[in-house]
$ cat data.pdb   # PDB, C-alpha atoms, pLDDT in the B column
ATOM      1  CA  LEU R  89      -4.233  -8.486  -9.338  1.00 90.00           C
ATOM      2  CA  ARG R  90      -2.672 -11.749  -8.171  1.00 88.00           C
ATOM      3  CA  HIS R  91      -5.745 -13.725  -9.196  1.00 89.00           C
ATOM      4  CA  ALA R  92      -5.781 -12.024 -12.592  1.00 93.00           C
ATOM      5  CA  LEU R  93      -2.082 -12.751 -13.099  1.00 95.00           C
ATOM      6  CA  ALA R  94      -2.750 -16.431 -12.358  1.00 95.00           C
ATOM      7  CA  ARG R  95      -5.119 -16.442 -15.353  1.00 95.00           C
ATOM      8  CA  PHE R  96      -2.965 -14.242 -17.607  1.00 96.00           C
ATOM      9  CA  ASP R  97      -1.037 -16.075 -20.360  1.00 94.00           C
ATOM     10  CA  HIS R  98       1.951 -13.718 -20.158  1.00 93.00           C
ATOM     11  CA  ALA R  99       2.230 -13.492 -16.357  1.00 94.00           C
ATOM     12  CA  GLY R 100       5.907 -14.422 -16.511  1.00 94.00           C
ATOM     13  CA  GLU R 101       6.565 -11.187 -18.402  1.00 92.00           C
ATOM     14  CA  VAL R 102       4.870  -8.977 -15.803  1.00 94.00           C
ATOM     15  CA  GLU R 103       7.000  -7.103 -13.304  1.00 92.00           C
ATOM     16  CA  VAL R 104       5.165  -5.694 -10.290  1.00 91.00           C
ATOM     17  CA  THR R 105       6.744  -2.601  -8.793  1.00 91.00           C
ATOM     18  CA  TRP R 106       5.432  -1.130  -5.557  1.00 92.00           C
ATOM     19  CA  ARG R 107       5.282   2.667  -5.390  1.00 94.00           C
ATOM     20  CA  SER R 108       4.694   5.115  -2.569  1.00 95.00           C
ATOM     21  CA  PHE R 109       1.534   7.176  -2.141  1.00 94.00           C
ATOM     22  CA  GLN R 110       0.164   8.964   0.903  1.00 93.00           C
ATOM     23  CA  LEU R 111      -3.568   9.373   1.322  1.00 89.00           C
ATOM     24  CA  ASP R 112      -3.103  12.198   3.815  1.00 89.00           C
ATOM     25  CA  PRO R 113       0.385  13.693   3.879  1.00 90.00           C
ATOM     26  CA  SER R 114      -0.819  16.246   6.437  1.00 91.00           C
ATOM     27  CA  GLN R 115      -1.413  13.490   9.021  1.00 90.00           C
ATOM     28  CA  ARG R 116       0.953  14.312  11.849  1.00 92.00           C
ATOM     29  CA  ARG R 117       3.375  11.590  12.858  1.00 92.00           C
ATOM     30  CA  GLY R 118       2.292   9.969  16.109  1.00 91.00           C
ATOM     31  CA  ASP R 119      -1.124  11.660  16.049  1.00 92.00           C
ATOM     32  CA  ASN R 120      -2.971   8.428  15.390  1.00 94.00           C
ATOM     33  CA  GLN R 121      -6.625   7.731  15.949  1.00 93.00           C
ATOM     34  CA  PRO R 122      -8.841   4.777  15.149  1.00 96.00           C
ATOM     35  CA  THR R 123      -9.582   4.843  11.436  1.00 95.00           C
ATOM     36  CA  THR R 124     -13.312   4.552  12.075  1.00 95.00           C
ATOM     37  CA  GLU R 125     -13.195   7.815  14.061  1.00 95.00           C
ATOM     38  CA  MET R 126     -11.145   9.473  11.330  1.00 93.00           C
ATOM     39  CA  LEU R 127     -13.647   8.392   8.652  1.00 94.00           C
ATOM     40  CA  SER R 128     -16.556   9.625  10.741  1.00 95.00           C
ATOM     41  CA  GLY R 129     -14.943  13.054  11.044  1.00 94.00           C
ATOM     42  CA  LYS R 130     -13.692  13.227   7.468  1.00 91.00           C
ATOM     43  CA  TYR R 131     -17.012  12.338   5.860  1.00 94.00           C
ATOM     44  CA  GLY R 132     -19.259  13.837   8.526  1.00 96.00           C
ATOM     45  CA  VAL R 133     -21.090  10.586   9.155  1.00 96.00           C
ATOM     46  CA  PRO R 134     -22.071   8.909  12.412  1.00 96.00           C
ATOM     47  CA  ALA R 135     -19.523   6.514  13.901  1.00 95.00           C
ATOM     48  CA  ALA R 136     -21.853   3.593  13.189  1.00 96.00           C
ATOM     49  CA  GLN R 137     -21.913   4.470   9.487  1.00 96.00           C
ATOM     50  CA  ALA R 138     -18.120   4.756   9.393  1.00 96.00           C
ATOM     51  CA  ALA R 139     -17.887   1.368  11.120  1.00 96.00           C
ATOM     52  CA  ALA R 140     -20.245  -0.065   8.494  1.00 95.00           C
ATOM     53  CA  MET R 141     -17.916   1.283   5.768  1.00 93.00           C
ATOM     54  CA  GLN R 142     -15.026  -0.531   7.439  1.00 95.00           C
ATOM     55  CA  GLU R 143     -17.095  -3.717   7.763  1.00 95.00           C
ATOM     56  CA  ARG R 144     -17.938  -3.582   4.039  1.00 92.00           C
ATOM     57  CA  VAL R 145     -14.252  -3.409   3.104  1.00 91.00           C
ATOM     58  CA  THR R 146     -13.503  -6.220   5.561  1.00 93.00           C
ATOM     59  CA  SER R 147     -16.200  -8.364   3.900  1.00 92.00           C
ATOM     60  CA  LEU R 148     -14.887  -7.627   0.404  1.00 86.00           C
ATOM     61  CA  ALA R 149     -11.393  -8.550   1.552  1.00 87.00           C
ATOM     62  CA  ALA R 150     -12.692 -11.823   2.995  1.00 92.00           C
ATOM     63  CA  GLU R 151     -14.194 -12.685  -0.393  1.00 88.00           C
ATOM     64  CA  GLU R 152     -10.641 -12.516  -1.752  1.00 83.00           C
ATOM     65  CA  GLY R 153      -9.272 -14.666   1.056  1.00 87.00           C
ATOM     66  CA  LEU R 154      -7.870 -11.750   3.055  1.00 89.00           C
ATOM     67  CA  THR R 155      -8.399 -11.331   6.774  1.00 92.00           C
ATOM     68  CA  TYR R 156      -8.754  -7.705   7.807  1.00 95.00           C
ATOM     69  CA  HIS R 157      -9.564  -6.278  11.226  1.00 95.00           C
ATOM     70  CA  LEU R 158     -10.231  -2.706  10.194  1.00 94.00           C
ATOM     71  CA  ASP R 159     -12.018  -2.123  13.468  1.00 93.00           C
ATOM     72  CA  ARG R 160      -8.486  -2.120  14.961  1.00 94.00           C
ATOM     73  CA  SER R 161      -6.826   0.034  12.292  1.00 95.00           C
ATOM     74  CA  LEU R 162      -5.236   3.367  13.104  1.00 96.00           C
ATOM     75  CA  THR R 163      -4.585   6.369  10.918  1.00 94.00           C
ATOM     76  CA  ALA R 164      -0.890   7.080  10.625  1.00 95.00           C
ATOM     77  CA  ASN R 165       1.539   9.164   8.663  1.00 96.00           C
ATOM     78  CA  THR R 166       3.015   6.567   6.313  1.00 96.00           C
ATOM     79  CA  PHE R 167       6.033   8.533   5.087  1.00 97.00           C
ATOM     80  CA  ASP R 168       8.594   6.599   7.158  1.00 98.00           C
ATOM     81  CA  ALA R 169       6.900   3.308   6.276  1.00 98.00           C
ATOM     82  CA  HIS R 170       7.342   4.232   2.611  1.00 98.00           C
ATOM     83  CA  ARG R 171      11.002   5.050   3.208  1.00 98.00           C
ATOM     84  CA  LEU R 172      11.340   1.632   4.832  1.00 98.00           C
ATOM     85  CA  THR R 173       9.771  -0.005   1.768  1.00 98.00           C
ATOM     86  CA  HIS R 174      12.325   1.650  -0.489  1.00 98.00           C
ATOM     87  CA  PHE R 175      15.109   0.386   1.756  1.00 98.00           C
ATOM     88  CA  ALA R 176      13.598  -3.113   1.713  1.00 98.00           C
ATOM     89  CA  ALA R 177      13.309  -2.966  -2.083  1.00 97.00           C
ATOM     90  CA  SER R 178      17.020  -2.187  -2.284  1.00 97.00           C
ATOM     91  CA  ARG R 179      17.511  -5.566  -0.578  1.00 97.00           C
ATOM     92  CA  GLU R 180      14.978  -7.352  -2.832  1.00 96.00           C
ATOM     93  CA  LEU R 181      12.458  -7.550   0.014  1.00 97.00           C
ATOM     94  CA  ALA R 182       9.735  -5.276  -1.422  1.00 94.00           C
ATOM     95  CA  ASP R 183       6.967  -7.893  -1.503  1.00 94.00           C
ATOM     96  CA  GLY R 184       7.755  -9.074   2.015  1.00 96.00           C
ATOM     97  CA  ILE R 185       7.823  -5.615   3.574  1.00 97.00           C
ATOM     98  CA  HIS R 186       4.569  -4.606   1.893  1.00 96.00           C
ATOM     99  CA  GLU R 187       2.804  -7.740   3.069  1.00 95.00           C
ATOM    100  CA  ARG R 188       4.146  -7.250   6.600  1.00 98.00           C
ATOM    101  CA  LEU R 189       3.104  -3.568   6.676  1.00 97.00           C
ATOM    102  CA  PHE R 190      -0.371  -4.470   5.433  1.00 95.00           C
ATOM    103  CA  GLN R 191      -0.598  -7.118   8.160  1.00 96.00           C
ATOM    104  CA  ALA R 192       0.492  -4.610  10.789  1.00 97.00           C
ATOM    105  CA  ALA R 193      -1.892  -1.878   9.661  1.00 96.00           C
ATOM    106  CA  LEU R 194      -4.947  -3.798   8.480  1.00 95.00           C
ATOM    107  CA  VAL R 195      -4.969  -6.783  10.822  1.00 96.00           C
ATOM    108  CA  GLU R 196      -2.953  -5.987  13.939  1.00 97.00           C
ATOM    109  CA  GLY R 197      -3.908  -2.319  14.320  1.00 96.00           C
ATOM    110  CA  GLU R 198      -0.285  -1.181  14.619  1.00 97.00           C
ATOM    111  CA  ALA R 199       0.801   2.450  14.362  1.00 96.00           C
ATOM    112  CA  VAL R 200       2.970   2.243  11.250  1.00 97.00           C
ATOM    113  CA  ASP R 201       4.548   5.617  11.930  1.00 96.00           C
ATOM    114  CA  ASP R 202       6.172   4.448  15.157  1.00 97.00           C
ATOM    115  CA  THR R 203       9.927   3.924  14.803  1.00 97.00           C
ATOM    116  CA  GLU R 204      10.095   0.884  17.082  1.00 98.00           C
ATOM    117  CA  THR R 205       7.184  -0.736  15.247  1.00 98.00           C
ATOM    118  CA  LEU R 206       8.876  -0.105  11.896  1.00 98.00           C
ATOM    119  CA  VAL R 207      12.189  -1.523  13.162  1.00 98.00           C
ATOM    120  CA  ARG R 208      10.387  -4.671  14.301  1.00 98.00           C
ATOM    121  CA  ILE R 209       8.527  -4.952  10.987  1.00 98.00           C
ATOM    122  CA  GLY R 210      11.789  -4.508   9.088  1.00 98.00           C
ATOM    123  CA  THR R 211      13.518  -7.223  11.082  1.00 98.00           C
ATOM    124  CA  ASP R 212      10.490  -9.498  10.592  1.00 98.00           C
ATOM    125  CA  VAL R 213      11.279  -9.561   6.862  1.00 98.00           C
ATOM    126  CA  GLY R 214      15.026  -9.942   7.270  1.00 98.00           C
ATOM    127  CA  LEU R 215      16.412  -6.418   7.438  1.00 98.00           C
ATOM    128  CA  PRO R 216      19.107  -5.713  10.053  1.00 98.00           C
ATOM    129  CA  ALA R 217      17.632  -3.688  12.933  1.00 98.00           C
ATOM    130  CA  ASP R 218      20.591  -1.294  13.094  1.00 98.00           C
ATOM    131  CA  GLU R 219      20.289  -0.499   9.378  1.00 98.00           C
ATOM    132  CA  VAL R 220      16.519   0.013   9.603  1.00 98.00           C
ATOM    133  CA  ARG R 221      17.042   2.354  12.546  1.00 98.00           C
ATOM    134  CA  ALA R 222      19.721   4.286  10.614  1.00 98.00           C
ATOM    135  CA  VAL R 223      17.349   4.740   7.667  1.00 98.00           C
ATOM    136  CA  LEU R 224      14.526   5.913   9.934  1.00 98.00           C
ATOM    137  CA  ASP R 225      16.758   8.221  11.990  1.00 98.00           C
ATOM    138  CA  GLY R 226      17.889  10.076   8.851  1.00 97.00           C
ATOM    139  CA  ASP R 227      16.265  11.115   5.601  1.00 97.00           C
ATOM    140  CA  ALA R 228      17.335   8.166   3.436  1.00 98.00           C
ATOM    141  CA  TYR R 229      14.888   7.408   0.617  1.00 98.00           C
ATOM    142  CA  ALA R 230      12.824  10.546   1.296  1.00 98.00           C
ATOM    143  CA  GLU R 231      13.337  11.831  -2.232  1.00 98.00           C
ATOM    144  CA  ASP R 232      12.375   8.412  -3.639  1.00 98.00           C
ATOM    145  CA  VAL R 233       9.068   8.614  -1.759  1.00 98.00           C
ATOM    146  CA  HIS R 234       8.451  12.177  -2.968  1.00 97.00           C
ATOM    147  CA  ALA R 235       9.258  11.156  -6.550  1.00 97.00           C
ATOM    148  CA  ASP R 236       6.809   8.231  -6.394  1.00 96.00           C
ATOM    149  CA  ILE R 237       4.072  10.488  -5.052  1.00 95.00           C
ATOM    150  CA  ARG R 238       4.663  13.094  -7.775  1.00 94.00           C
ATOM    151  CA  GLU R 239       4.575  10.383 -10.436  1.00 92.00           C
ATOM    152  CA  ALA R 240       1.414   8.819  -9.009  1.00 92.00           C
ATOM    153  CA  ARG R 241      -0.367  12.171  -9.032  1.00 91.00           C
ATOM    154  CA  ALA R 242       0.796  12.800 -12.603  1.00 91.00           C
ATOM    155  CA  LEU R 243      -0.690   9.437 -13.582  1.00 88.00           C
ATOM    156  CA  GLY R 244      -4.013  10.368 -11.972  1.00 88.00           C
ATOM    157  CA  ALA R 245      -3.818   8.637  -8.591  1.00 91.00           C
ATOM    158  CA  ASN R 246      -5.826  10.243  -5.832  1.00 88.00           C
ATOM    159  CA  GLY R 247      -6.444   7.173  -3.699  1.00 88.00           C
ATOM    160  CA  VAL R 248      -5.311   3.631  -3.041  1.00 89.00           C
ATOM    161  CA  PRO R 249      -5.130   1.074  -4.351  1.00 90.00           C
ATOM    162  CA  PHE R 250      -4.151   2.461  -7.726  1.00 93.00           C
ATOM    163  CA  PHE R 251      -2.595   0.259 -10.396  1.00 94.00           C
ATOM    164  CA  VAL R 252      -0.778   1.408 -13.531  1.00 92.00           C
ATOM    165  CA  PHE R 253      -0.043  -0.920 -16.423  1.00 93.00           C
ATOM    166  CA  ASP R 254       2.721   0.027 -18.870  1.00 90.00           C
ATOM    167  CA  ARG R 255       2.336   3.655 -17.755  1.00 86.00           C
ATOM    168  CA  ALA R 256      -0.767   3.804 -19.972  1.00 88.00           C
ATOM    169  CA  TYR R 257      -3.664   2.044 -18.265  1.00 91.00           C
ATOM    170  CA  GLY R 258      -4.855   2.775 -14.762  1.00 89.00           C
ATOM    171  CA  ILE R 259      -7.204   1.005 -12.378  1.00 92.00           C
ATOM    172  CA  SER R 260      -8.404   2.832  -9.308  1.00 91.00           C
ATOM    173  CA  GLY R 261      -9.722   1.013  -6.271  1.00 85.00           C
ATOM    174  CA  ALA R 262     -10.473  -2.605  -5.604  1.00 81.00           C
ATOM    175  CA  GLN R 263     -11.924  -4.031  -8.820  1.00 87.00           C
ATOM    176  CA  PRO R 264     -13.096  -7.458  -9.986  1.00 88.00           C
ATOM    177  CA  ILE R 265     -10.520  -9.903 -11.340  1.00 91.00           C
ATOM    178  CA  GLU R 266     -12.005  -9.502 -14.823  1.00 94.00           C
ATOM    179  CA  VAL R 267     -11.129  -5.788 -14.848  1.00 95.00           C
ATOM    180  CA  PHE R 268      -7.496  -6.573 -14.051  1.00 95.00           C
ATOM    181  CA  LEU R 269      -7.359  -9.394 -16.585  1.00 95.00           C
ATOM    182  CA  ALA R 270      -8.868  -7.232 -19.341  1.00 96.00           C
ATOM    183  CA  THR R 271      -6.377  -4.450 -18.569  1.00 96.00           C
ATOM    184  CA  LEU R 272      -3.442  -6.874 -18.603  1.00 96.00           C
ATOM    185  CA  GLU R 273      -4.622  -8.200 -21.976  1.00 95.00           C
ATOM    186  CA  ARG R 274      -5.118  -4.683 -23.369  1.00 95.00           C
ATOM    187  CA  ALA R 275      -1.611  -3.674 -22.267  1.00 93.00           C
ATOM    188  CA  ALA R 276      -0.133  -6.857 -23.773  1.00 92.00           C
ATOM    189  CA  SER R 277      -1.953  -6.277 -27.063  1.00 91.00           C
ATOM    190  CA  ALA R 278      -0.726  -2.678 -27.222  1.00 90.00           C
ATOM    191  CA  ARG R 279       2.861  -3.892 -26.806  1.00 85.00           C
ATOM    192  CA  VAL R 280       2.489  -6.274 -29.765  1.00 78.00           C
ATOM    193  CA  SER R 281       0.822  -3.693 -32.013  1.00 68.00           C
TER     194      SER R 281
END
$ encode --input "data.pdb" --output "structure tokens"
Amino acid sequence: LRHALARFDHAGEVEVTWRSFQLDPSQRRGDNQPTTEMLSGKYGVPAAQAAAMQERVTSLAAEEGLTYHLDRSLTANTFDAHRLTHFAASRELADGIHERLFQAALVEGEAVDDTETLVRIGTDVGLPADEVRAVLDGDAYAEDVHADIREARALGANGVPFFVFDRAYGISGAQPIEVFLATLERAASARVS
């Protein structure tokens, strides 16, 4: 999306809003396992095949200049991480918290459902530790997360990444830059029409 926006004539008019979505809301908090093991069990494939799936995504990410270490990644219940992102957004730190959470989950192999990890991640982007802890110790932003998930499902999301443009055009999964650019142009044309 970022690369497509760099080539899009109206990029200055685009507002990117992060929304919450859980791939597996039934994942129990703290019951983490290596993602490769989870994929092996979920899809009924040998561990080597699941590892190859992870390696493929890592290679695709590298083509986009991203460094992933999915061999370290853990499954986690992301509900509290999503609540933290809503809190960060209220402080205009949405981009920073998302980047830091991605780094923690996809590179460092952190358990992003662990309170202490989330407090550290929050402080890494400039949130006060005591306020992060207060959010995580209560139910602040829980309804915001639920609302995002309901909206995502209504728009057809069943996986991530999922992008919605002007609430009319959706892109599911990692797609080539040209797909994003064409969708941005289609959405811009529809606004003018």
$ residues_around --input "data.pdb" --residues "Ala99 of chain R" --least-positions-apart "2" --cutoff "12 Å" --atoms "only C-alpha atoms" --output "list of chain:residue names"
R:Leu89, R:Arg90, R:His91, R:Ala92, R:Leu93, R:Ala94, R:Arg95, R:Phe96, R:Asp97, R:Glu101, R:Val102, R:Glu103, R:Val104, R:Leu269, R:Leu272, R:Glu273, R:Ala276
$ atom_distance --input "data.pdb" --atom1 "atom CA of Ile209 of chain R" --atom2 "atom CA of Phe167 of chain R"
14.9 Å
$ closest_residue --input "data.pdb" --among "R:Ala193, R:Leu111, R:Ala256, R:Val207" --to "Ala278 of chain R" --atoms "all atoms listed in the file"
R:Ala256
$ closest_residue --input "data.pdb" --among "R:Ala140, R:Phe109, R:Ala164, R:Gly100" --to "Glu239 of chain R" --atoms "all atoms listed in the file"
R:Phe109
$ atom_distance --input "data.pdb" --atom1 "atom CA of Leu224 of chain R" --atom2 "atom CA of Pro122 of chain R"
24.0 Å
$ residues_around --input "data.pdb" --residues "Tyr156 of chain R" --least-positions-apart "3" --cutoff "12 Å" --atoms "all atoms listed in the file" --output "PDB file with C-alpha atoms, in the frame of the given file"
ATOM      1  CA  GLN R 142     -15.026  -0.531   7.439  1.00 95.00           C
ATOM      2  CA  GLU R 143     -17.095  -3.717   7.763  1.00 95.00           C
ATOM      3  CA  ARG R 144     -17.938  -3.582   4.039  1.00 92.00           C
ATOM      4  CA  VAL R 145     -14.252  -3.409   3.104  1.00 91.00           C
ATOM      5  CA  THR R 146     -13.503  -6.220   5.561  1.00 93.00           C
ATOM      6  CA  SER R 147     -16.200  -8.364   3.900  1.00 92.00           C
ATOM      7  CA  LEU R 148     -14.887  -7.627   0.404  1.00 86.00           C
ATOM      8  CA  ALA R 149     -11.393  -8.550   1.552  1.00 87.00           C
ATOM      9  CA  ALA R 150     -12.692 -11.823   2.995  1.00 92.00           C
ATOM     10  CA  GLU R 151     -14.194 -12.685  -0.393  1.00 88.00           C
ATOM     11  CA  GLU R 152     -10.641 -12.516  -1.752  1.00 83.00           C
ATOM     12  CA  GLY R 153      -9.272 -14.666   1.056  1.00 87.00           C
ATOM     13  CA  ASP R 159     -12.018  -2.123  13.468  1.00 93.00           C
ATOM     14  CA  ARG R 160      -8.486  -2.120  14.961  1.00 94.00           C
ATOM     15  CA  SER R 161      -6.826   0.034  12.292  1.00 95.00           C
ATOM     16  CA  PHE R 190      -0.371  -4.470   5.433  1.00 95.00           C
ATOM     17  CA  GLN R 191      -0.598  -7.118   8.160  1.00 96.00           C
ATOM     18  CA  ALA R 192       0.492  -4.610  10.789  1.00 97.00           C
ATOM     19  CA  ALA R 193      -1.892  -1.878   9.661  1.00 96.00           C
ATOM     20  CA  LEU R 194      -4.947  -3.798   8.480  1.00 95.00           C
ATOM     21  CA  VAL R 195      -4.969  -6.783  10.822  1.00 96.00           C
ATOM     22  CA  GLU R 196      -2.953  -5.987  13.939  1.00 97.00           C
ATOM     23  CA  GLY R 197      -3.908  -2.319  14.320  1.00 96.00           C
TER      24      GLY R 197
END
$ closest_residue --input "data.pdb" --among "R:Arg221, R:Arg188, R:Arg279, R:Arg241" --to "Asp202 of chain R" --atoms "only C-alpha atoms"
R:Arg221
$ closest_residue --input "data.pdb" --among "R:Arg238, R:Arg107, R:Arg208, R:Arg117" --to "Leu162 of chain R" --atoms "all atoms listed in the file"
R:Arg117
$ closest_residue --input "data.pdb" --among "R:Gly258, R:Gly244, R:Pro264, R:Gly210" --to "Arg171 of chain R" --atoms "all atoms listed in the file"
R:Gly210
$ resolve_selection --input "data.pdb" --expression "the PyMOL selection byres ((chain R and resi 225) around 12)" --output "list of chain:residue names"
R:Asp168, R:Arg171, R:Leu172, R:Asp202, R:Thr203, R:Glu204, R:Leu206, R:Val207, R:Ala217, R:Asp218, R:Glu219, R:Val220, R:Arg221, R:Ala222, R:Val223, R:Leu224, R:Gly226, R:Asp227, R:Ala228, R:Tyr229, R:Ala230
$ write_last_selection --input "data.pdb" --atoms "C-alpha atoms" --output "mmCIF file, in the frame of the given file"
data_model
loop_
_atom_site.group_PDB
_atom_site.id
_atom_site.type_symbol
_atom_site.label_atom_id
_atom_site.label_comp_id
_atom_site.auth_asym_id
_atom_site.auth_seq_id
_atom_site.Cartn_x
_atom_site.Cartn_y
_atom_site.Cartn_z
ATOM 1 C CA ASP R 168 8.594 6.599 7.158
ATOM 2 C CA ARG R 171 11.002 5.050 3.208
ATOM 3 C CA LEU R 172 11.340 1.632 4.832
ATOM 4 C CA ASP R 202 6.172 4.448 15.157
ATOM 5 C CA THR R 203 9.927 3.924 14.803
ATOM 6 C CA GLU R 204 10.095 0.884 17.082
ATOM 7 C CA LEU R 206 8.876 -0.105 11.896
ATOM 8 C CA VAL R 207 12.189 -1.523 13.162
ATOM 9 C CA ALA R 217 17.632 -3.688 12.933
ATOM 10 C CA ASP R 218 20.591 -1.294 13.094
ATOM 11 C CA GLU R 219 20.289 -0.499 9.378
ATOM 12 C CA VAL R 220 16.519 0.013 9.603
ATOM 13 C CA ARG R 221 17.042 2.354 12.546
ATOM 14 C CA ALA R 222 19.721 4.286 10.614
ATOM 15 C CA VAL R 223 17.349 4.740 7.667
ATOM 16 C CA LEU R 224 14.526 5.913 9.934
ATOM 17 C CA GLY R 226 17.889 10.076 8.851
ATOM 18 C CA ASP R 227 16.265 11.115 5.601
ATOM 19 C CA ALA R 228 17.335 8.166 3.436
ATOM 20 C CA TYR R 229 14.888 7.408 0.617
ATOM 21 C CA ALA R 230 12.824 10.546 1.296
#
$ closest_residue --input "data.pdb" --among "R:Asp201, R:Asp236, R:Asp212, R:Glu266" --to "His174 of chain R" --atoms "all atoms listed in the file"
R:Asp236
$ residues_around --input "data.pdb" --residues "Leu127 of chain R" --least-positions-apart "3" --cutoff "10 Å" --atoms "only C-alpha atoms" --output "list in words"
Pro122, Thr123, Thr124, Lys130, Tyr131, Gly132, Val133, Pro134, Ala135, Gln137, Ala138, Ala139, Met141, Gln142 and Thr163 of chain R
$ decode --input "data.pdb" --residues "segment 240-247 of chain R" --atoms "all heavy atoms" --output "CSV table (one decimal), in the first residue's frame"
chain,number,residue,atom,x,y,z
R,240,ALA,N,-15.5,-5.2,10.0
R,240,ALA,CA,-14.6,-5.9,9.1
R,240,ALA,C,-15.4,-7.1,8.5
R,240,ALA,O,-15.3,-7.4,7.3
R,240,ALA,CB,-13.3,-6.3,9.8
R,241,ARG,N,-16.0,-7.9,9.3
R,241,ARG,CA,-16.8,-9.0,8.9
R,241,ARG,C,-17.9,-8.6,7.9
R,241,ARG,O,-18.1,-9.3,6.9
R,241,ARG,CB,-17.3,-9.8,10.0
R,241,ARG,CG,-16.2,-10.5,10.8
R,241,ARG,CD,-16.7,-11.7,11.6
R,241,ARG,NE,-15.7,-12.3,12.5
R,241,ARG,CZ,-14.7,-13.0,12.1
R,241,ARG,NH1,-14.5,-13.3,10.8
R,241,ARG,NH2,-13.8,-13.5,12.9
R,242,ALA,N,-18.6,-7.5,8.2
R,242,ALA,CA,-19.6,-7.0,7.4
R,242,ALA,C,-19.1,-6.6,6.0
R,242,ALA,O,-19.8,-6.7,5.0
R,242,ALA,CB,-20.4,-5.9,8.0
R,243,LEU,N,-17.8,-6.2,6.0
R,243,LEU,CA,-17.2,-5.8,4.7
R,243,LEU,C,-16.6,-6.9,4.0
R,243,LEU,O,-16.0,-6.7,2.9
R,243,LEU,CB,-16.2,-4.7,5.0
R,243,LEU,CG,-16.8,-3.3,5.4
R,243,LEU,CD1,-15.7,-2.4,5.9
R,243,LEU,CD2,-17.5,-2.7,4.3
R,244,GLY,N,-16.6,-8.1,4.6
R,244,GLY,CA,-16.1,-9.3,3.9
R,244,GLY,C,-14.8,-9.8,4.3
R,244,GLY,O,-14.2,-10.7,3.7
R,245,ALA,N,-14.2,-9.2,5.4
R,245,ALA,CA,-12.9,-9.7,5.8
R,245,ALA,C,-13.0,-11.0,6.5
R,245,ALA,O,-13.9,-11.3,7.3
R,245,ALA,CB,-12.3,-8.7,6.8
R,246,ASN,N,-12.1,-11.9,6.2
R,246,ASN,CA,-12.0,-13.2,6.9
R,246,ASN,C,-10.6,-13.6,7.1
R,246,ASN,O,-10.2,-14.7,7.5
R,246,ASN,CB,-12.8,-14.3,6.2
R,246,ASN,CG,-12.3,-14.5,4.8
R,246,ASN,OD1,-11.2,-14.1,4.4
R,246,ASN,ND2,-13.1,-15.2,4.0
R,247,GLY,N,-9.7,-12.6,6.8
R,247,GLY,CA,-8.2,-12.8,7.0
R,247,GLY,C,-7.5,-11.5,7.0
R,247,GLY,O,-8.2,-10.4,6.8
